[in-house]
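Contents: one structure, followed by commentary.
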Amino acid sequence: MAKKSIIHVTDLHKSYADFEAVKGISFEVYEGEIFGLLGPNGAGKTTTLEIMETLRLPSGGDVEVLGHSIHKNPQAIKRLVGVQLQQSGFYPSLTLSETLQLFGSLANVEINTLELLRMVELEDKARSMVKDLSGGQRQRFAIACTLVNQPKVVFLDEPSTGLDPKARRQLWDLIRKIRDTGTTVILTTHYMDEAEVLCDRVAIMDNGKIIALDSPDRLIDALVSRGYERPKQVKKATLEDVFLDLAGKEMSDETEEQSNG
Amino acid sequence: MAKPYNQLQAMFGIMRASLIASFRNPASIVFGLVFPLIFVLVFGYIGGESASFSVGIHPDSDRDNPIYQAIEQIDALTLTTDKTAEELTDDLRKGDLGAVLEIERGKQLVVHLTTSQAAPEEGQTIQTLLSGITDKINLAAANVTQPLARIEPGEVAGRKFTAIDFILPGQLGFSLLSAGIFATAFVFINLRQTLVIKRFFTTPISKFSIIFGEGLSRLLFALLQGAVLVAVGYFAFDYTLIHGISTFLQIMLLSALGLIVFMGFGFVTSSLAKDERTVAPMAQLITLPQFLLAGTFFPIDLFPDWLQPVAHILPLTYFNDAVRKVAFDGAGIASVWPEMLGLLVWGIIVYVIAIRIFKWEE
């Protein structure tokens, strides 16, 4: 299976006044994969992502997305990608439908709001105000907003932060669904389990550098082959599994709605 | 992606979203419409009455004489005839009465006129009115049928300049000032701090389109509010639109110009304020002094000499003067070019600053 590389990051550097956030990283992203930037807070993941999204210019190095350089043709990139920022509000006082319409105008696209909302399981909230959504619903809606222009690449910055186990799994299903339609997904996360479960390939970042890049399985195999052994006996299940089993799959949105009043 | 990107479509998307949000936002309607409307209603009702002076009639005063009869005929005098001497003195001291009158019938008709330090101008005017009456009586008694001088009154036909004619332009100006400064500043600081603008930057929309989309929305909304204000003034309180529809449209044009200038102040405020809480005091600093000094409620001539030049060059003053001239004097738009020029100069100054300091992100 030929893997087509659609994003090239070459020797990327980014410095702020007194702080070097990204210290020379290079990698490629293949078409149709879910690619993860995994690392602790402050590793440089968001900075890297925002440079790829054409929100920031690097101090050095180059990024090419779908054949366009971020230096020479950022506008072309903006038309082809969808972006979910780490923390971003929505235009105030609008309903979900109206917000999608707004993004449709920004993308120069006639959209089918119900279809988009259906994809993220929010079609019954079309006329609700965005501010009345629960945390999980907001994240799903934010992803719907990235899909307005049927992008080739979707960037998600820490998409499941702050979500309960239910909502996280719902989100992961959604991300897989998006990848299955042929869209490439690049996400950042500091959740190791998320990277392991979701990503086809993972770049582990720490302190502005990539310290490893491979599929999760191969990374784990490599570790084990270096002689690593887990200190404790691996449990057959975790507490999260307990919760999921007891709580059942449909209750996620309800519990969130109840706790949000 | 064969089609080139259409900035206009993006801009109209922003305009539409902004308009929807404005209609759903109670604050913008309160400051832009309800507040000025209250002033219009209050002054509209007050304006029905003309100025009058209050005169107290002493209980011991003789009322069966030509002087008293003449006084009763004067519209400008409101007579209080049912109070005791002490009550009258008390009212006089407080300035609630301009004068107290006691007419004594003896060999002469003597008018005892007591005025008050609390209302000296009223006292003066009443005394002058009475002098006119007594002089006439004296001349008649002296059989002077051909006095040396007399007053020949005449009147020019014209519309009565009522309180509403003075007040409405200022209230319209206030509405536009609110919409231009408060609404613009709040919206942009909110969009910036909640990273909505940052999210917009991941799309091909230009900064220009964002500003224009919001600006157009603000313009439409503010003009709508202004039209409601003028309509209420016109239909409910007989506000003078001397050439009808044409005057109305000219006022709308002036309003558009005023609003664009005020929006510039809004852009500057949104960039200087640290957060939403700081916006209000800053915007008030620009709005309130103008509200008080721009001839909104009373003519600038009443201010001390040193304050007048300052008051004359405020943007709201130019606006108020232009609207009054157009609405009441029937001046065409072209003839208020000095005021429009004043507004334009302010606009240039404020937009030059805004362009330099406008913050798109924290």
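Ordering of the structure tokens sets the chain letters (A, B, ...), residue numbers begin anew at 1 in every chain, and ligands are numbered from 1 in the order given.
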
Proximal residues of chain B relative to chain A (only C-alpha atoms; 12 Å) as a ChimeraX atom specification: /B:1-26,186-188,190-206,209-210,213-214,361

Give the alpha helix (DSSP H) residues of region 157-245 of chain A, as assigned by DSSP on the backbone, as a PyMOL selection string. chain A and resi 165-180+192-198+216-225+239-245

For CA of Ser61 (chain B) and CA of Glu104 (chain B), quote the distance in Å rounded to one decimal.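 Answer for the CA of Ser61 (chain B) to CA of Glu104 (chain B) separation: 6.3 Å.
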
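Taking CA of Asn41 (chain A) and CA of Ile210 (chain A) as the two end points, the separation is 14.0 Å.
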
Shell around Glu121 (chain A) at 10 Å using only C-alpha atoms, local window under 4 positions removed, as a PyMOL selection string: chain A and resi 114-117+125+137+140-141+144+170+174

Polymer residues at most 7 Å from Glu339 (chain B), only C-alpha atoms, same-chain spacing of 3 or more positions, as a list in words: Tyr318, Phe319, Ala322, Val336, Gly342 and Leu343 of chain B

Pull N, CA and C atoms from the residues just selected and write them as a compact mmCIF listing (two decimals), in the first residue's frame.
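What follows is the written file out.txt:
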# COMPACT_ATOMS: atom_id res chain seq x y z
N TYR B 318 -20.69 68.38 16.71
CA TYR B 318 -20.85 68.54 15.26
C TYR B 318 -22.08 67.81 14.78
N PHE B 319 -22.26 66.61 15.32
CA PHE B 319 -23.41 65.82 14.92
C PHE B 319 -24.72 66.50 15.31
N ALA B 322 -25.42 69.60 13.24
CA ALA B 322 -25.80 69.27 11.85
C ALA B 322 -27.24 68.77 11.79
N VAL B 336 -24.38 71.80 5.61
CA VAL B 336 -23.78 71.52 6.91
C VAL B 336 -22.38 70.95 6.74
N GLY B 342 -15.88 68.61 10.40
CA GLY B 342 -15.43 68.38 11.76
C GLY B 342 -15.47 66.91 12.12
N LEU B 343 -16.59 66.25 11.78
CA LEU B 343 -16.73 64.82 12.04
C LEU B 343 -15.68 64.03 11.28

Looking at only C-alpha atoms, which of A:Lys209, A:Lys177, A:His8, A:Arg201 is the one that sits closest to Phe35 (chain A)?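 Of A:Lys209, A:Lys177, A:His8, A:Arg201, the one nearest Phe35 (chain A), counting only C-alpha atoms, is A:Arg201.
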
As a PDB file with N, CA, C and O atoms, in the first residue's frame, list the residues of region 103-274 of chain B assigned to strand (DSSP E) by DSSP on the backbone atoms of this structure.
ATOM      1  N   ILE B 103     -51.599  93.970  46.450  1.00  0.00           N
ATOM      2  CA  ILE B 103     -52.069  95.256  45.902  1.00  0.00           C
ATOM      3  C   ILE B 103     -52.897  95.963  46.966  1.00  0.00           C
ATOM      4  O   ILE B 103     -53.858  95.414  47.508  1.00  0.00           O
ATOM      5  N   GLU B 104     -52.487  97.176  47.241  1.00  0.00           N
ATOM      6  CA  GLU B 104     -53.174  97.948  48.289  1.00  0.00           C
ATOM      7  C   GLU B 104     -53.944  99.063  47.639  1.00  0.00           C
ATOM      8  O   GLU B 104     -53.423  99.856  46.847  1.00  0.00           O
ATOM      9  N   ARG B 105     -55.233  99.131  47.976  1.00  0.00           N
ATOM     10  CA  ARG B 105     -56.068 100.200  47.379  1.00  0.00           C
ATOM     11  C   ARG B 105     -56.177 101.356  48.365  1.00  0.00           C
ATOM     12  O   ARG B 105     -56.733 101.242  49.421  1.00  0.00           O
ATOM     13  N   LEU B 109     -53.073 103.098  43.759  1.00  0.00           N
ATOM     14  CA  LEU B 109     -52.959 101.631  43.768  1.00  0.00           C
ATOM     15  C   LEU B 109     -51.483 101.308  43.952  1.00  0.00           C
ATOM     16  O   LEU B 109     -50.671 101.629  43.111  1.00  0.00           O
ATOM     17  N   VAL B 110     -51.160 100.737  45.115  1.00  0.00           N
ATOM     18  CA  VAL B 110     -49.747 100.408  45.333  1.00  0.00           C
ATOM     19  C   VAL B 110     -49.544  98.915  45.210  1.00  0.00           C
ATOM     20  O   VAL B 110     -50.256  98.129  45.839  1.00  0.00           O
ATOM     21  N   VAL B 111     -48.594  98.593  44.397  1.00  0.00           N
ATOM     22  CA  VAL B 111     -48.274  97.166  44.234  1.00  0.00           C
ATOM     23  C   VAL B 111     -47.040  96.852  45.065  1.00  0.00           C
ATOM     24  O   VAL B 111     -45.945  97.299  44.755  1.00  0.00           O
ATOM     25  N   HIS B 112     -47.274  96.109  46.175  1.00  0.00           N
ATOM     26  CA  HIS B 112     -46.111  95.657  46.963  1.00  0.00           C
ATOM     27  C   HIS B 112     -45.575  94.387  46.335  1.00  0.00           C
ATOM     28  O   HIS B 112     -46.244  93.362  46.331  1.00  0.00           O
ATOM     29  N   LEU B 113     -44.378  94.495  45.787  1.00  0.00           N
ATOM     30  CA  LEU B 113     -43.794  93.350  45.089  1.00  0.00           C
ATOM     31  C   LEU B 113     -42.586  92.840  45.869  1.00  0.00           C
ATOM     32  O   LEU B 113     -41.626  93.568  46.051  1.00  0.00           O
ATOM     33  N   THR B 114     -42.681  91.640  46.365  1.00  0.00           N
ATOM     34  CA  THR B 114     -41.534  91.065  47.075  1.00  0.00           C
ATOM     35  C   THR B 114     -40.925  89.952  46.227  1.00  0.00           C
ATOM     36  O   THR B 114     -41.611  89.013  45.845  1.00  0.00           O
ATOM     37  N   THR B 115     -39.638  90.146  45.931  1.00  0.00           N
ATOM     38  CA  THR B 115     -38.973  89.092  45.167  1.00  0.00           C
ATOM     39  C   THR B 115     -37.989  88.360  46.069  1.00  0.00           C
ATOM     40  O   THR B 115     -37.892  88.667  47.260  1.00  0.00           O
TER      41      THR B 115
END

Atom-to-atom span, CA of Leu133 (chain A) and CA of Thr113 (chain A), Å: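 CA of Leu133 (chain A) sits 16.8 Å away from CA of Thr113 (chain A).
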
Env of Phe39 (chain B): 9 Å cut, atoms = only C-alpha atoms, seq-sep filter 4 positions within chain, self excluded. Answer as a ChimeraX atom specification. /B:34-35,43-44,167-168,171

Can you pull out the residues contacting region 69-85 of chain B? Cut-off 12 Å, using only C-alpha atoms, and skip same-chain residues under 3 positions away; I want them as a ChimeraX atom specification. /B:49-66,88-92,96-103,111,114,122-123,125-127,129-134,136-137

Would you kindly return, as a ChimeraX atom specification, each protein, DNA or RNA residue with an atom no farther than 7 Å from any atom of Asp11 (chain A), considering only C-alpha atoms and excluding same-chain residues fewer than 2 positions away? /A:9,13,24-26,61-62

Selection from above, N, CA and C atoms, as an mmCIF file, in the first residue's frame, can you write it?
data_model
loop_
_atom_site.group_PDB
_atom_site.id
_atom_site.type_symbol
_atom_site.label_atom_id
_atom_site.label_comp_id
_atom_site.auth_asym_id
_atom_site.auth_seq_id
_atom_site.Cartn_x
_atom_site.Cartn_y
_atom_site.Cartn_z
ATOM 1 N N VAL A 9 7.236 18.410 7.375
ATOM 2 C CA VAL A 9 7.761 19.411 8.315
ATOM 3 C C VAL A 9 9.274 19.238 8.307
ATOM 4 N N HIS A 13 11.771 25.338 13.641
ATOM 5 C CA HIS A 13 12.193 26.029 14.858
ATOM 6 C C HIS A 13 11.190 27.111 15.191
ATOM 7 N N GLY A 24 13.851 22.396 16.317
ATOM 8 C CA GLY A 24 14.357 21.699 15.135
ATOM 9 C C GLY A 24 13.732 20.320 15.012
ATOM 10 N N ILE A 25 12.501 20.242 14.519
ATOM 11 C CA ILE A 25 11.868 18.936 14.353
ATOM 12 C C ILE A 25 11.502 18.712 12.890
ATOM 13 N N SER A 26 11.506 17.465 12.489
ATOM 14 C CA SER A 26 11.141 17.107 11.116
ATOM 15 C C SER A 26 10.289 15.855 11.152
ATOM 16 N N GLY A 61 13.000 26.886 9.356
ATOM 17 C CA GLY A 61 12.448 25.645 8.833
ATOM 18 C C GLY A 61 11.241 25.891 7.944
ATOM 19 N N ASP A 62 10.695 24.796 7.432
ATOM 20 C CA ASP A 62 9.586 24.947 6.495
ATOM 21 C C ASP A 62 8.522 23.892 6.740
#
